[in-house]
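Participant: Structure: my_file-v8.txt, compact mmCIF, C-alpha atoms.
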# COMPACT_ATOMS: atom_id res chain seq x y z
CA MET A 1 -127.31 167.60 -107.95
CA LYS A 2 -124.67 167.22 -105.26
CA ASN A 3 -121.82 167.79 -107.71
CA ALA A 4 -123.47 170.49 -109.81
CA LYS A 5 -122.09 174.02 -109.51
CA THR A 6 -125.54 175.46 -110.11
CA ALA A 7 -128.85 173.64 -110.28
CA ALA A 8 -132.01 175.19 -111.68
CA TRP A 9 -135.63 174.28 -112.30
CA ILE A 10 -136.91 175.54 -115.64
CA SER A 11 -140.55 175.24 -116.56
CA ASP A 12 -143.50 176.93 -118.17
CA GLY A 13 -146.05 178.59 -115.91
CA GLY A 14 -148.20 175.52 -115.25
CA THR A 15 -149.34 175.53 -111.63
CA GLY A 16 -148.74 171.79 -111.26
CA PHE A 17 -145.10 172.15 -112.26
CA TRP A 18 -144.51 175.08 -109.93
CA GLY A 19 -146.33 173.29 -107.11
CA THR A 20 -143.83 170.45 -107.49
CA TYR A 21 -141.00 173.00 -107.55
CA GLN A 22 -142.24 174.70 -104.35
CA LYS A 23 -142.72 171.39 -102.59
CA ASN A 24 -139.49 169.66 -103.59
CA PHE A 25 -136.96 171.97 -105.23
CA SER A 26 -137.41 175.49 -103.87
CA SER A 27 -133.83 175.50 -102.59
CA ILE A 28 -132.56 175.79 -106.18
CA LEU A 29 -133.12 178.53 -108.75
CA GLY A 30 -136.49 178.53 -110.46
CA ILE A 31 -136.65 179.86 -114.02
CA LEU A 32 -139.89 180.58 -115.84
CA ASP A 33 -139.52 179.59 -119.49
CA PHE A 34 -138.97 182.91 -121.28
CA TYR A 35 -140.83 181.89 -124.42
CA HIS A 36 -143.94 180.84 -122.50
CA ALA A 37 -143.85 184.15 -120.60
CA ALA A 38 -143.50 186.04 -123.89
CA GLN A 39 -146.62 184.23 -125.14
CA TYR A 40 -148.55 185.79 -122.26
CA LEU A 41 -147.32 189.22 -123.38
CA TRP A 42 -148.44 188.56 -126.95
CA LYS A 43 -151.87 187.27 -125.88
CA PHE A 44 -152.37 190.50 -123.97
CA ALA A 45 -151.07 192.66 -126.85
CA LYS A 46 -153.47 190.97 -129.27
CA ILE A 47 -156.44 191.92 -127.11
CA TRP A 48 -155.25 195.30 -125.83
CA LEU A 49 -153.80 196.66 -129.07
CA ASP A 50 -155.35 194.33 -131.66
CA GLY A 51 -152.42 192.14 -132.72
CA ARG A 52 -152.51 193.32 -136.35
CA THR A 53 -151.91 196.97 -135.53
CA ALA A 54 -148.63 198.85 -135.66
CA SER A 55 -149.09 199.63 -131.96
CA ALA A 56 -149.12 195.94 -131.02
CA LYS A 57 -146.17 195.21 -133.29
CA GLN A 58 -144.25 198.05 -131.65
CA TRP A 59 -145.22 197.39 -128.02
CA PHE A 60 -144.67 193.62 -128.02
CA PRO A 61 -140.94 193.60 -128.98
CA SER A 62 -140.31 196.37 -126.47
CA ALA A 63 -142.18 194.50 -123.72
CA ARG A 64 -140.41 191.25 -124.64
CA SER A 65 -137.07 193.05 -124.34
CA LEU A 66 -138.07 194.34 -120.91
CA LEU A 67 -139.08 190.82 -119.94
CA ARG A 68 -135.72 189.45 -121.12
CA SER A 69 -134.00 191.94 -118.83
CA GLY A 70 -136.32 190.87 -115.98
CA ASP A 71 -137.90 194.32 -115.66
CA VAL A 72 -141.51 193.40 -114.89
CA ALA A 73 -142.21 196.84 -113.37
CA ALA A 74 -141.27 198.54 -116.65
CA ILE A 75 -143.68 196.26 -118.51
CA SER A 76 -146.45 197.37 -116.16
CA TYR A 77 -145.53 201.02 -116.69
CA SER A 78 -145.63 200.55 -120.47
CA ILE A 79 -149.30 199.56 -120.33
CA ASP A 80 -151.73 202.45 -120.47
CA PRO A 81 -154.20 201.57 -117.71
CA GLU A 82 -156.88 204.02 -118.91
CA LYS A 83 -158.42 201.74 -121.56
CA ILE A 84 -158.20 198.76 -119.24
CA LEU A 85 -159.82 200.54 -116.29
CA GLN A 86 -162.59 201.87 -118.52
CA SER A 87 -163.42 198.37 -119.73
CA ASP A 88 -166.05 196.27 -118.01
CA THR A 89 -164.62 194.06 -115.22
CA GLU A 90 -165.85 191.00 -117.13
CA SER A 91 -164.36 192.15 -120.44
CA GLU A 92 -161.81 190.09 -122.33
CA LEU A 93 -159.33 192.97 -122.02
CA ARG A 94 -159.64 193.18 -118.24
CA LYS A 95 -159.36 189.39 -117.89
CA SER A 96 -156.29 189.31 -120.15
CA TYR A 97 -154.65 192.13 -118.19
CA ASN A 98 -155.38 190.40 -114.88
CA ASN A 99 -154.01 187.10 -116.23
CA LEU A 100 -150.80 188.75 -117.39
CA SER A 101 -150.36 190.71 -114.16
CA SER A 102 -150.95 187.75 -111.86
CA TYR A 103 -148.75 185.50 -114.02
CA LEU A 104 -145.82 187.92 -113.89
CA LEU A 105 -146.26 188.69 -110.19
CA GLN A 106 -146.51 185.01 -109.31
CA HIS A 107 -143.21 184.40 -111.11
CA ILE A 108 -141.42 187.66 -110.32
CA GLU A 109 -138.41 185.84 -108.85
CA HIS A 110 -138.36 183.39 -111.77
CA VAL A 111 -137.99 186.00 -114.53
CA ASP A 112 -134.61 187.49 -113.61
CA TYR A 113 -133.36 186.40 -117.02
CA HIS A 114 -130.44 188.81 -117.09
CA HIS A 115 -129.08 187.21 -113.90
CA PHE A 116 -129.76 183.67 -115.12
CA LYS A 117 -127.92 184.35 -118.39
CA SER A 118 -124.97 185.78 -116.42
CA LEU A 119 -124.78 182.42 -114.61
CA GLY A 120 -124.69 180.63 -117.96
CA LEU A 121 -128.16 179.13 -117.46
CA PRO A 122 -130.74 178.71 -120.21
CA ILE A 123 -133.89 180.81 -120.06
CA GLY A 124 -135.96 178.52 -122.28
CA SER A 125 -136.97 174.92 -121.77
CA GLY A 126 -136.60 173.95 -125.44
CA MET A 127 -133.34 172.09 -124.85
CA VAL A 128 -134.95 169.97 -122.14
CA GLU A 129 -138.10 169.38 -124.19
CA SER A 130 -136.01 168.33 -127.17
CA SER A 131 -133.95 165.97 -125.02
CA CYS A 132 -137.11 164.38 -123.62
CA LYS A 133 -138.44 163.90 -127.11
CA TRP A 134 -135.22 162.35 -128.36
CA LEU A 135 -134.38 160.35 -125.25
CA ILE A 136 -137.77 159.15 -124.09
CA GLN A 137 -140.65 159.74 -126.48
CA HIS A 138 -138.86 158.53 -129.58
CA ARG A 139 -138.00 155.23 -127.90
CA PHE A 140 -141.05 154.60 -125.71
CA LYS A 141 -143.96 155.94 -127.75
CA GLY A 142 -143.63 153.71 -130.79
CA SER A 143 -146.63 152.33 -132.60
CA GLY A 144 -148.39 149.71 -130.49
CA MET A 145 -146.09 150.11 -127.48
CA ARG A 146 -147.68 149.93 -124.03
CA TRP A 147 -145.76 150.10 -120.76
CA SER A 148 -146.61 149.56 -117.13
CA PHE A 149 -145.16 152.15 -114.75
CA SER A 150 -142.61 149.71 -113.32
CA GLY A 151 -141.71 148.36 -116.77
CA PHE A 152 -141.22 151.88 -118.07
CA ASP A 153 -139.03 152.81 -115.07
CA HIS A 154 -136.80 149.76 -115.59
CA LEU A 155 -136.43 150.36 -119.32
CA LEU A 156 -135.83 154.07 -118.79
CA SER A 157 -132.93 153.25 -116.43
CA LEU A 158 -131.42 151.04 -119.14
CA ARG A 159 -132.00 153.70 -121.80
CA LEU A 160 -130.31 156.39 -119.70
CA ALA A 161 -127.37 154.11 -118.96
CA TRP A 162 -127.00 153.40 -122.69
CA VAL A 163 -127.18 157.07 -123.72
CA ASN A 164 -124.74 158.09 -120.95
CA GLN A 165 -122.34 155.32 -121.99
CA ARG A 166 -122.63 153.65 -118.57
CA PHE A 167 -124.47 150.54 -119.71
CA ASP A 168 -121.54 148.19 -118.96
CA GLN A 169 -121.28 149.56 -115.41
CA LEU A 170 -124.80 148.29 -114.66
CA PHE A 171 -123.66 144.71 -115.13
CA SER A 172 -120.10 144.81 -113.80
Hey, can you dump this file as structure tokens for me?

Facilitator:
Amino acid sequence: MKNAKTAAWISDGGTGFWGTYQKNFSSILGILDFYHAAQYLWKFAKIWLDGRTASAKQWFPSARSLLRSGDVAAISYSIDPEKILQSDTESELRKSYNNLSSYLLQHIEHVDYHHFKSLGLPIGSGMVESSCKWLIQHRFKGSGMRWSFSGFDHLLSLRLAWVNQRFDQLFS
């Protein structure tokens, strides 16, 4: 990362991932995977507006657009609190609303997607996930393959050198 112009951490909302980010990488940009965040919006829309209704199908794209622009406050304003406040505190609707609210508030600085896009950074982790699948899983999760941690680490170093066309440099 020393030579990188901009370094960023991109991840879904898993607490373990963001704990690692906070502990080790908080000096770089943190980006919440947009598509995982949008899933939270849809889960809420399905419960709040019944996902099959025209209301849900109208609200969700609008909320997703607000999310893409990083405007979490506008998403909150677009939710009519009356039905939610009238629901029982243990209701599925109230729980879903609280989950969405805490998720977005916890990641408020990680959803500035408009800014991230202006820096030329991705807002989804699909590229990384695809690379991991191609680079690591495809090679190391074959039928009958078993690896120790140290054996995996050694082979992964060789695999990365091969893919990055630096294999010969390892043995110069």

Participant: List as a VMD selection string: which residues have an atom within 9 Å of (-139.7, 183.7, -114.1), counting only C-alpha atoms?

Facilitator: chain A and resid 10 to 13 30 to 34 37 70 104 106 to 113 123

Participant: Could you give me, as a list in words, the residues that sit within 12 Å of (-139.5, 173.1, -107.7) in the file's coordinates, counting only C-alpha atoms?

Facilitator: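 In the file's frame, the residues around the point are Ala7, Ala8, Trp9, Ile10, Ser11, Asp12, Gly13, Gly14, Thr15, Gly16, Phe17, Trp18, Gly19, Thr20, Tyr21, Gln22, Lys23, Asn24, Phe25, Ser26, Ser27, Ile28, Leu29, Gly30, Ile31, Leu32 and His110 of chain A.
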
Participant: Atom CA of Lys46 of chain A and atom CA of Pro122 of chain A are how many Å apart?

Facilitator: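 Those two atoms sit 27.4 Å apart.
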
Participant: Which value, in Å to one decimal, gives the distance between atom CA of Phe116 of chain A and atom CA of Asn99 of chain A?

Facilitator: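 Between these atoms lies a distance of 24.5 Å.
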
Participant: Using all atoms listed in the file, which of A:Arg68, A:Arg146, A:Arg52, A:Lys5 sits nearest His36 of chain A?

Facilitator: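 Looking at the shortest contact to His36 of chain A, the residue is A:Arg68.
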
Participant: I need the residue nearest Tyr35 of chain A from this list: A:Ile47, A:Gly126, A:Leu121, A:Leu158. Use all atoms listed in the file for the distance.

Facilitator: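 Distance minimum relative to Tyr35 of chain A lands on A:Gly126.
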
Participant: Go ahead and compute the interatomic distance for atom CA of Gly144 of chain A and atom CA of Asp168 of chain A, in Å to one decimal.

Facilitator: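 Result for atom CA of Gly144 of chain A versus atom CA of Asp168 of chain A: 29.3 Å, one decimal.
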
Participant: Nearest to Gly124 of chain A: which of A:Ala38, A:Ser101, A:Glu90, A:Leu170 is it, counting all atoms listed in the file?

Facilitator: A:Ala38

Participant: Neighbours of Leu49 of chain A within 12 Å (only C-alpha atoms; same-chain residues fewer than 2 positions away dropped), as JSON, numbers by chain?

Facilitator: {"A": [41, 42, 43, 44, 45, 46, 47, 51, 52, 53, 54, 55, 56, 57, 58, 59, 60, 79, 80, 83, 84, 93, 96, 97]}

Participant: Extending 3 Å beyond the listed atoms of segment 97-109 of chain A on each side, what axis-aligned box results? I want centre and edge lengths in Å to one decimal, as JSON.

Facilitator:
{"center_x": -146.9, "center_y": 188.3, "center_z": -113.5, "size_x": 23.0, "size_y": 13.7, "size_z": 15.3}

Participant: Which one of A:His115, A:Trp48, A:Ser125, A:His138 sits closest to Arg94 of chain A if you count only C-alpha atoms?

Facilitator: A:Trp48
